[in-house]
file input_21.cif (mmCIF, N, CA and C atoms)
data_start
loop_
_atom_site.label_atom_id
_atom_site.label_comp_id
_atom_site.auth_asym_id
_atom_site.auth_seq_id
_atom_site.Cartn_x
_atom_site.Cartn_y
_atom_site.Cartn_z
N MET A 1 0.81 -1.20 0.00
CA MET A 1 0.00 0.00 0.00
C MET A 1 0.85 1.26 0.00
N LYS A 2 2.00 1.22 0.65
CA LYS A 2 2.83 2.42 0.74
C LYS A 2 3.24 2.93 -0.64
N ASN A 3 3.61 2.03 -1.53
CA ASN A 3 4.00 2.44 -2.87
C ASN A 3 2.85 3.09 -3.62
N LYS A 4 1.61 2.62 -3.39
CA LYS A 4 0.47 3.20 -4.07
C LYS A 4 0.29 4.66 -3.66
N SER A 5 0.37 4.97 -2.37
CA SER A 5 0.19 6.35 -1.93
C SER A 5 1.30 7.23 -2.47
N ARG A 6 2.52 6.70 -2.55
CA ARG A 6 3.63 7.48 -3.09
C ARG A 6 3.40 7.76 -4.57
N ALA A 7 2.89 6.76 -5.30
CA ALA A 7 2.59 6.97 -6.72
C ALA A 7 1.47 7.99 -6.87
N ASP A 8 0.46 7.91 -6.01
CA ASP A 8 -0.62 8.88 -6.07
C ASP A 8 -0.11 10.29 -5.83
N GLU A 9 0.79 10.45 -4.88
CA GLU A 9 1.36 11.77 -4.60
C GLU A 9 2.14 12.27 -5.81
N PHE A 10 2.88 11.38 -6.45
CA PHE A 10 3.60 11.75 -7.67
C PHE A 10 2.63 12.25 -8.74
N ASP A 11 1.54 11.52 -8.93
CA ASP A 11 0.55 11.92 -9.94
C ASP A 11 -0.04 13.29 -9.63
N LYS A 12 -0.32 13.55 -8.37
CA LYS A 12 -0.86 14.85 -7.98
C LYS A 12 0.14 15.97 -8.24
N ASN A 13 1.40 15.73 -7.90
CA ASN A 13 2.43 16.75 -8.12
C ASN A 13 2.68 16.98 -9.60
N LEU A 14 2.67 15.90 -10.37
CA LEU A 14 2.82 16.04 -11.82
C LEU A 14 1.66 16.86 -12.38
N GLY A 15 0.46 16.60 -11.90
CA GLY A 15 -0.71 17.36 -12.34
C GLY A 15 -0.58 18.84 -12.03
N LYS A 16 -0.04 19.16 -10.85
CA LYS A 16 0.17 20.57 -10.49
C LYS A 16 1.15 21.24 -11.45
N LEU A 17 2.18 20.50 -11.83
CA LEU A 17 3.15 21.05 -12.79
C LEU A 17 2.52 21.26 -14.16
N VAL A 18 1.67 20.32 -14.57
CA VAL A 18 0.96 20.47 -15.85
C VAL A 18 0.08 21.71 -15.80
N ARG A 19 -0.67 21.88 -14.72
CA ARG A 19 -1.56 23.04 -14.58
C ARG A 19 -0.75 24.34 -14.62
N LEU A 20 0.37 24.37 -13.90
CA LEU A 20 1.20 25.56 -13.87
C LEU A 20 1.75 25.88 -15.25
N ALA A 21 2.26 24.88 -15.93
CA ALA A 21 2.82 25.08 -17.28
C ALA A 21 1.73 25.50 -18.26
N ARG A 22 0.55 24.91 -18.14
CA ARG A 22 -0.57 25.29 -19.02
C ARG A 22 -0.96 26.74 -18.78
N SER A 23 -1.00 27.15 -17.52
CA SER A 23 -1.34 28.53 -17.19
C SER A 23 -0.29 29.49 -17.74
N GLU A 24 0.98 29.13 -17.59
CA GLU A 24 2.05 29.97 -18.12
C GLU A 24 1.93 30.13 -19.63
N ALA A 25 1.49 29.06 -20.29
CA ALA A 25 1.33 29.08 -21.75
C ALA A 25 0.02 29.75 -22.18
N LYS A 26 -0.78 30.14 -21.19
CA LYS A 26 -2.06 30.81 -21.44
C LYS A 26 -2.99 29.96 -22.29
N LEU A 27 -3.03 28.67 -21.97
CA LEU A 27 -3.93 27.74 -22.65
C LEU A 27 -5.04 27.34 -21.69
N SER A 28 -6.21 27.13 -22.23
CA SER A 28 -7.32 26.60 -21.43
C SER A 28 -7.18 25.08 -21.37
N GLN A 29 -7.95 24.47 -20.49
CA GLN A 29 -7.97 23.01 -20.44
C GLN A 29 -8.47 22.45 -21.77
N ALA A 30 -9.42 23.11 -22.37
CA ALA A 30 -9.95 22.66 -23.67
C ALA A 30 -8.87 22.75 -24.75
N ASP A 31 -8.08 23.84 -24.73
CA ASP A 31 -6.98 23.98 -25.70
C ASP A 31 -6.00 22.82 -25.56
N LEU A 32 -5.61 22.55 -24.31
CA LEU A 32 -4.65 21.47 -24.08
C LEU A 32 -5.25 20.11 -24.44
N ALA A 33 -6.53 19.94 -24.17
CA ALA A 33 -7.21 18.70 -24.53
C ALA A 33 -7.14 18.46 -26.05
N ASP A 34 -7.35 19.51 -26.83
CA ASP A 34 -7.26 19.39 -28.29
C ASP A 34 -5.85 18.97 -28.71
N ILE A 35 -4.85 19.57 -28.08
CA ILE A 35 -3.46 19.24 -28.41
C ILE A 35 -3.16 17.78 -28.08
N LEU A 36 -3.64 17.33 -26.93
CA LEU A 36 -3.36 15.96 -26.49
C LEU A 36 -4.31 14.93 -27.07
N ASP A 37 -5.34 15.42 -27.77
CA ASP A 37 -6.36 14.54 -28.36
C ASP A 37 -7.09 13.74 -27.28
N VAL A 38 -7.49 14.47 -26.22
CA VAL A 38 -8.29 13.89 -25.14
C VAL A 38 -9.40 14.88 -24.82
N SER A 39 -10.32 14.51 -23.95
CA SER A 39 -11.38 15.42 -23.54
C SER A 39 -10.83 16.41 -22.51
N PHE A 40 -11.53 17.55 -22.36
CA PHE A 40 -11.06 18.50 -21.35
C PHE A 40 -11.23 17.90 -19.96
N GLN A 41 -12.20 16.98 -19.81
CA GLN A 41 -12.37 16.30 -18.52
C GLN A 41 -11.13 15.45 -18.20
N GLN A 42 -10.54 14.87 -19.23
CA GLN A 42 -9.31 14.09 -19.03
C GLN A 42 -8.18 15.00 -18.57
N VAL A 43 -8.09 16.19 -19.14
CA VAL A 43 -7.06 17.15 -18.71
C VAL A 43 -7.29 17.51 -17.24
N GLN A 44 -8.55 17.70 -16.86
CA GLN A 44 -8.87 17.98 -15.45
C GLN A 44 -8.38 16.84 -14.56
N LYS A 45 -8.59 15.62 -15.00
CA LYS A 45 -8.17 14.46 -14.21
C LYS A 45 -6.65 14.40 -14.12
N TYR A 46 -5.95 14.71 -15.21
CA TYR A 46 -4.49 14.77 -15.17
C TYR A 46 -4.03 15.82 -14.16
N GLU A 47 -4.61 17.01 -14.25
CA GLU A 47 -4.19 18.12 -13.40
C GLU A 47 -4.50 17.88 -11.92
N ASN A 48 -5.52 17.09 -11.64
CA ASN A 48 -5.87 16.78 -10.26
C ASN A 48 -5.21 15.50 -9.75
N GLY A 49 -4.41 14.86 -10.61
CA GLY A 49 -3.71 13.65 -10.21
C GLY A 49 -4.60 12.45 -10.08
N LEU A 50 -5.78 12.49 -10.70
CA LEU A 50 -6.71 11.36 -10.62
C LEU A 50 -6.39 10.29 -11.65
N ASN A 51 -5.83 10.70 -12.78
CA ASN A 51 -5.41 9.76 -13.82
C ASN A 51 -3.93 9.97 -14.10
N ARG A 52 -3.26 8.88 -14.35
CA ARG A 52 -1.83 8.95 -14.67
C ARG A 52 -1.65 9.41 -16.11
N ILE A 53 -0.54 10.07 -16.33
CA ILE A 53 -0.22 10.59 -17.66
C ILE A 53 0.81 9.67 -18.29
N SER A 54 0.52 9.20 -19.49
CA SER A 54 1.44 8.29 -20.17
C SER A 54 2.69 9.04 -20.64
N ALA A 55 3.72 8.28 -20.92
CA ALA A 55 4.98 8.86 -21.40
C ALA A 55 4.77 9.62 -22.71
N SER A 56 3.94 9.09 -23.59
CA SER A 56 3.71 9.78 -24.87
C SER A 56 2.98 11.11 -24.65
N LYS A 57 2.07 11.14 -23.67
CA LYS A 57 1.36 12.40 -23.37
C LYS A 57 2.32 13.40 -22.73
N ILE A 58 3.23 12.92 -21.89
CA ILE A 58 4.21 13.83 -21.29
C ILE A 58 5.10 14.42 -22.38
N ALA A 59 5.44 13.62 -23.37
CA ALA A 59 6.23 14.13 -24.49
C ALA A 59 5.46 15.22 -25.25
N LYS A 60 4.16 14.99 -25.48
CA LYS A 60 3.33 16.00 -26.14
C LYS A 60 3.20 17.26 -25.28
N LEU A 61 3.04 17.06 -23.96
CA LEU A 61 2.96 18.20 -23.04
C LEU A 61 4.23 19.03 -23.12
N SER A 62 5.35 18.34 -23.12
CA SER A 62 6.64 19.01 -23.18
C SER A 62 6.74 19.90 -24.42
N LYS A 63 6.37 19.36 -25.54
CA LYS A 63 6.46 20.10 -26.80
C LYS A 63 5.44 21.24 -26.86
N SER A 64 4.21 20.95 -26.50
CA SER A 64 3.14 21.95 -26.63
C SER A 64 3.22 23.06 -25.59
N LEU A 65 3.79 22.76 -24.42
CA LEU A 65 3.90 23.77 -23.37
C LEU A 65 5.29 24.40 -23.33
N ASP A 66 6.12 24.02 -24.30
CA ASP A 66 7.46 24.58 -24.44
C ASP A 66 8.29 24.39 -23.16
N LYS A 67 8.24 23.17 -22.64
CA LYS A 67 8.99 22.80 -21.44
C LYS A 67 9.81 21.55 -21.75
N PRO A 68 11.03 21.47 -21.24
CA PRO A 68 11.76 20.21 -21.43
C PRO A 68 11.07 19.11 -20.63
N ILE A 69 11.20 17.90 -21.07
CA ILE A 69 10.59 16.79 -20.35
C ILE A 69 11.06 16.77 -18.90
N SER A 70 12.29 17.17 -18.68
CA SER A 70 12.83 17.19 -17.32
C SER A 70 12.06 18.13 -16.40
N TYR A 71 11.38 19.13 -16.97
CA TYR A 71 10.57 20.06 -16.16
C TYR A 71 9.58 19.28 -15.29
N PHE A 72 9.02 18.24 -15.85
CA PHE A 72 8.00 17.48 -15.14
C PHE A 72 8.59 16.50 -14.11
N PHE A 73 9.92 16.35 -14.11
CA PHE A 73 10.56 15.38 -13.23
C PHE A 73 11.74 15.92 -12.44
N GLU A 74 12.21 17.11 -12.73
CA GLU A 74 13.50 17.56 -12.19
C GLU A 74 13.55 17.66 -10.67
N GLU A 75 12.45 17.89 -10.00
CA GLU A 75 12.48 18.04 -8.55
C GLU A 75 12.05 16.77 -7.81
N ILE A 76 11.89 15.70 -8.52
CA ILE A 76 11.41 14.48 -7.89
C ILE A 76 12.58 13.75 -7.24
N ASP A 77 12.43 13.48 -5.97
CA ASP A 77 13.43 12.72 -5.22
C ASP A 77 12.70 11.55 -4.59
N ASP A 78 12.70 10.43 -5.28
CA ASP A 78 12.02 9.23 -4.79
C ASP A 78 10.54 9.48 -4.52
N TYR A 79 9.89 10.21 -5.43
CA TYR A 79 8.46 10.50 -5.37
C TYR A 79 8.04 11.31 -4.14
N GLN A 80 8.92 12.15 -3.65
CA GLN A 80 8.55 13.04 -2.55
C GLN A 80 7.74 14.20 -3.10
N ASP A 81 7.18 15.00 -2.19
CA ASP A 81 6.41 16.17 -2.61
C ASP A 81 7.28 17.08 -3.48
N ILE A 82 6.70 17.59 -4.51
CA ILE A 82 7.40 18.52 -5.39
C ILE A 82 7.07 19.93 -4.92
N PRO A 83 8.03 20.66 -4.39
CA PRO A 83 7.73 22.02 -3.96
C PRO A 83 7.50 22.92 -5.17
N LEU A 84 6.35 23.54 -5.19
CA LEU A 84 6.02 24.42 -6.30
C LEU A 84 6.24 25.88 -5.97
N LYS A 85 6.63 26.18 -4.75
CA LYS A 85 6.78 27.57 -4.34
C LYS A 85 7.70 28.34 -5.26
N ASP A 86 8.86 27.76 -5.58
CA ASP A 86 9.82 28.46 -6.43
C ASP A 86 9.25 28.72 -7.82
N ARG A 87 8.55 27.76 -8.37
CA ARG A 87 7.97 27.93 -9.71
C ARG A 87 6.84 28.95 -9.68
N GLN A 88 6.05 28.92 -8.63
CA GLN A 88 4.97 29.90 -8.51
C GLN A 88 5.54 31.30 -8.37
N LEU A 89 6.62 31.43 -7.61
CA LEU A 89 7.27 32.73 -7.47
C LEU A 89 7.81 33.21 -8.82
N GLN A 90 8.42 32.32 -9.57
CA GLN A 90 8.93 32.68 -10.89
C GLN A 90 7.79 33.14 -11.80
N LEU A 91 6.66 32.45 -11.74
CA LEU A 91 5.50 32.84 -12.53
C LEU A 91 5.02 34.22 -12.14
N MET A 92 4.92 34.46 -10.82
CA MET A 92 4.46 35.78 -10.36
C MET A 92 5.42 36.89 -10.78
N ILE A 93 6.71 36.62 -10.70
CA ILE A 93 7.69 37.63 -11.11
C ILE A 93 7.55 37.91 -12.60
N GLY A 94 7.39 36.84 -13.39
CA GLY A 94 7.21 37.02 -14.83
C GLY A 94 5.98 37.83 -15.17
N LEU A 95 4.88 37.54 -14.48
CA LEU A 95 3.65 38.30 -14.71
C LEU A 95 3.80 39.74 -14.24
N TYR A 96 4.48 39.93 -13.12
CA TYR A 96 4.70 41.28 -12.58
C TYR A 96 5.48 42.14 -13.58
N LYS A 97 6.46 41.55 -14.23
CA LYS A 97 7.29 42.28 -15.20
C LYS A 97 6.47 42.77 -16.39
N GLU A 98 5.35 42.10 -16.68
CA GLU A 98 4.52 42.48 -17.81
C GLU A 98 3.56 43.63 -17.48
N LEU A 99 3.44 43.97 -16.20
CA LEU A 99 2.50 45.02 -15.79
C LEU A 99 3.07 46.41 -16.06
N SER A 100 2.17 47.36 -16.24
CA SER A 100 2.58 48.76 -16.36
C SER A 100 2.96 49.26 -14.96
N ALA A 101 3.57 50.44 -14.90
CA ALA A 101 3.95 51.01 -13.60
C ALA A 101 2.73 51.22 -12.72
N ASP A 102 1.63 51.70 -13.29
CA ASP A 102 0.40 51.91 -12.51
C ASP A 102 -0.16 50.58 -12.01
N GLN A 103 -0.14 49.56 -12.85
CA GLN A 103 -0.64 48.25 -12.44
C GLN A 103 0.22 47.67 -11.32
N LYS A 104 1.54 47.86 -11.42
CA LYS A 104 2.44 47.37 -10.38
C LYS A 104 2.12 48.05 -9.05
N GLN A 105 1.92 49.35 -9.10
CA GLN A 105 1.61 50.11 -7.88
C GLN A 105 0.28 49.62 -7.28
N SER A 106 -0.71 49.41 -8.12
CA SER A 106 -2.01 48.92 -7.64
C SER A 106 -1.88 47.53 -7.03
N LEU A 107 -1.09 46.68 -7.65
CA LEU A 107 -0.89 45.33 -7.14
C LEU A 107 -0.22 45.36 -5.77
N VAL A 108 0.79 46.19 -5.62
CA VAL A 108 1.48 46.29 -4.34
C VAL A 108 0.51 46.77 -3.26
N LYS A 109 -0.31 47.76 -3.57
CA LYS A 109 -1.30 48.25 -2.60
C LYS A 109 -2.29 47.14 -2.24
N PHE A 110 -2.72 46.40 -3.24
CA PHE A 110 -3.64 45.30 -3.02
C PHE A 110 -3.04 44.25 -2.07
N LEU A 111 -1.81 43.85 -2.35
CA LEU A 111 -1.15 42.84 -1.54
C LEU A 111 -0.93 43.33 -0.11
N ARG A 112 -0.55 44.59 0.04
CA ARG A 112 -0.39 45.15 1.39
C ARG A 112 -1.72 45.13 2.13
N GLY A 113 -2.80 45.42 1.43
CA GLY A 113 -4.13 45.36 2.05
C GLY A 113 -4.47 43.96 2.53
N ILE A 114 -4.14 42.98 1.74
CA ILE A 114 -4.39 41.58 2.14
C ILE A 114 -3.59 41.24 3.39
N ILE A 115 -2.34 41.62 3.40
CA ILE A 115 -1.46 41.31 4.54
C ILE A 115 -1.98 42.02 5.80
N GLU A 116 -2.33 43.27 5.68
CA GLU A 116 -2.82 44.03 6.82
C GLU A 116 -4.12 43.41 7.33
N HIS A 117 -4.97 42.96 6.44
CA HIS A 117 -6.25 42.34 6.83
C HIS A 117 -6.01 41.04 7.59
N GLN A 118 -5.00 40.28 7.18
CA GLN A 118 -4.69 39.00 7.85
C GLN A 118 -4.18 39.24 9.27
N GLU A 119 -3.50 40.34 9.49
CA GLU A 119 -2.90 40.63 10.78
C GLU A 119 -3.94 41.06 11.80
N ASP A 120 -5.13 41.47 11.36
CA ASP A 120 -6.18 41.93 12.27
C ASP A 120 -6.80 40.82 13.06
#

call {"tool": "encode", "arguments": {"input": "input_21.cif", "output": "structure tokens"}}
result
Amino acid sequence: MKNKSRADEFDKNLGKLVRLARSEAKLSQADLADILDVSFQQVQKYENGLNRISASKIAKLSKSLDKPISYFFEEIDDYQDIPLKDRQLQLMIGLYKELSADQKQSLVKFLRGIIEHQED
């Protein structure tokens, strides 16, 4: 049973990476489903770790999302949790760089408001 839960955790983490890469590529689940020749429900299952992704689908994901195949495996250490914090931070920095000066200022004010609200 232990190996099954570890495999399930791997599938969930792989799904999170697929979702993150799809978001970075600005594709919808339906768009990715068309590329992979599956239903959008199947993409949802991949992203939620409910269904395993075959090697051929990972190869298609790699090409269509402009990621090396290693992207989906580089942080795996014996199927341990894949920390996504660094990748999420990179995504946020990339998105932040695309904002205008006014948008950046508004975002900073917004985030400060959230933080101040949490401290109350």

call {"tool": "axis_aligned_box", "arguments": {"input": "input_21.cif", "around": "region 46-54 of chain A", "padding_each_side": "8 Å", "output": "AutoDock Vina command-line options"}}
result
--center_x -2.0 --center_y 13.2 --center_z -15.2 --size_x 25.4 --size_y 25.8 --size_z 26.9

call {"tool": "residues_around", "arguments": {"input": "input_21.cif", "residues": "Asn48 (chain A)", "least_positions_apart": "4", "cutoff": "10 Å", "atoms": "only C-alpha atoms", "output": "ChimeraX atom specification"}}
result
/A:11-16,18-19,42-44,52

call {"tool": "atom_distance", "arguments": {"input": "input_21.cif", "atom1": "CA of Ile115 (chain A)", "atom2": "CA of Asp102 (chain A)"}}
result
20.2 Å

call {"tool": "atom_distance", "arguments": {"input": "input_21.cif", "atom1": "atom C of Glu47 (chain A)", "atom2": "atom N of Leu17 (chain A)"}}
result
7.2 Å

call {"tool": "closest_residue", "arguments": {"input": "input_21.cif", "among": "A:Glu116, A:Leu20, A:Leu111, A:Phe10", "to": "Leu65 (chain A)", "atoms": "only C-alpha atoms"}}
result
A:Leu20

call {"tool": "atom_distance", "arguments": {"input": "input_21.cif", "atom1": "atom C of Ile53 (chain A)", "atom2": "CA of Asp8 (chain A)"}}
result
12.3 Å

call {"tool": "residues_around", "arguments": {"input": "input_21.cif", "residues": "region 57-62 of chain A", "least_positions_apart": "5", "cutoff": "9 Å", "atoms": "only C-alpha atoms", "output": "list in words"}}
result
Val18, Ala21, Arg22, Leu32, Ile35, Leu36, Lys67, Pro68, Ile69, Ser70, Tyr71 and Phe72 of chain A

call {"tool": "closest_residue", "arguments": {"input": "input_21.cif", "among": "A:Val38, A:Gly49, A:Ser23, A:Gly113", "to": "Glu9 (chain A)", "atoms": "all atoms listed in the file"}}
result
A:Gly49
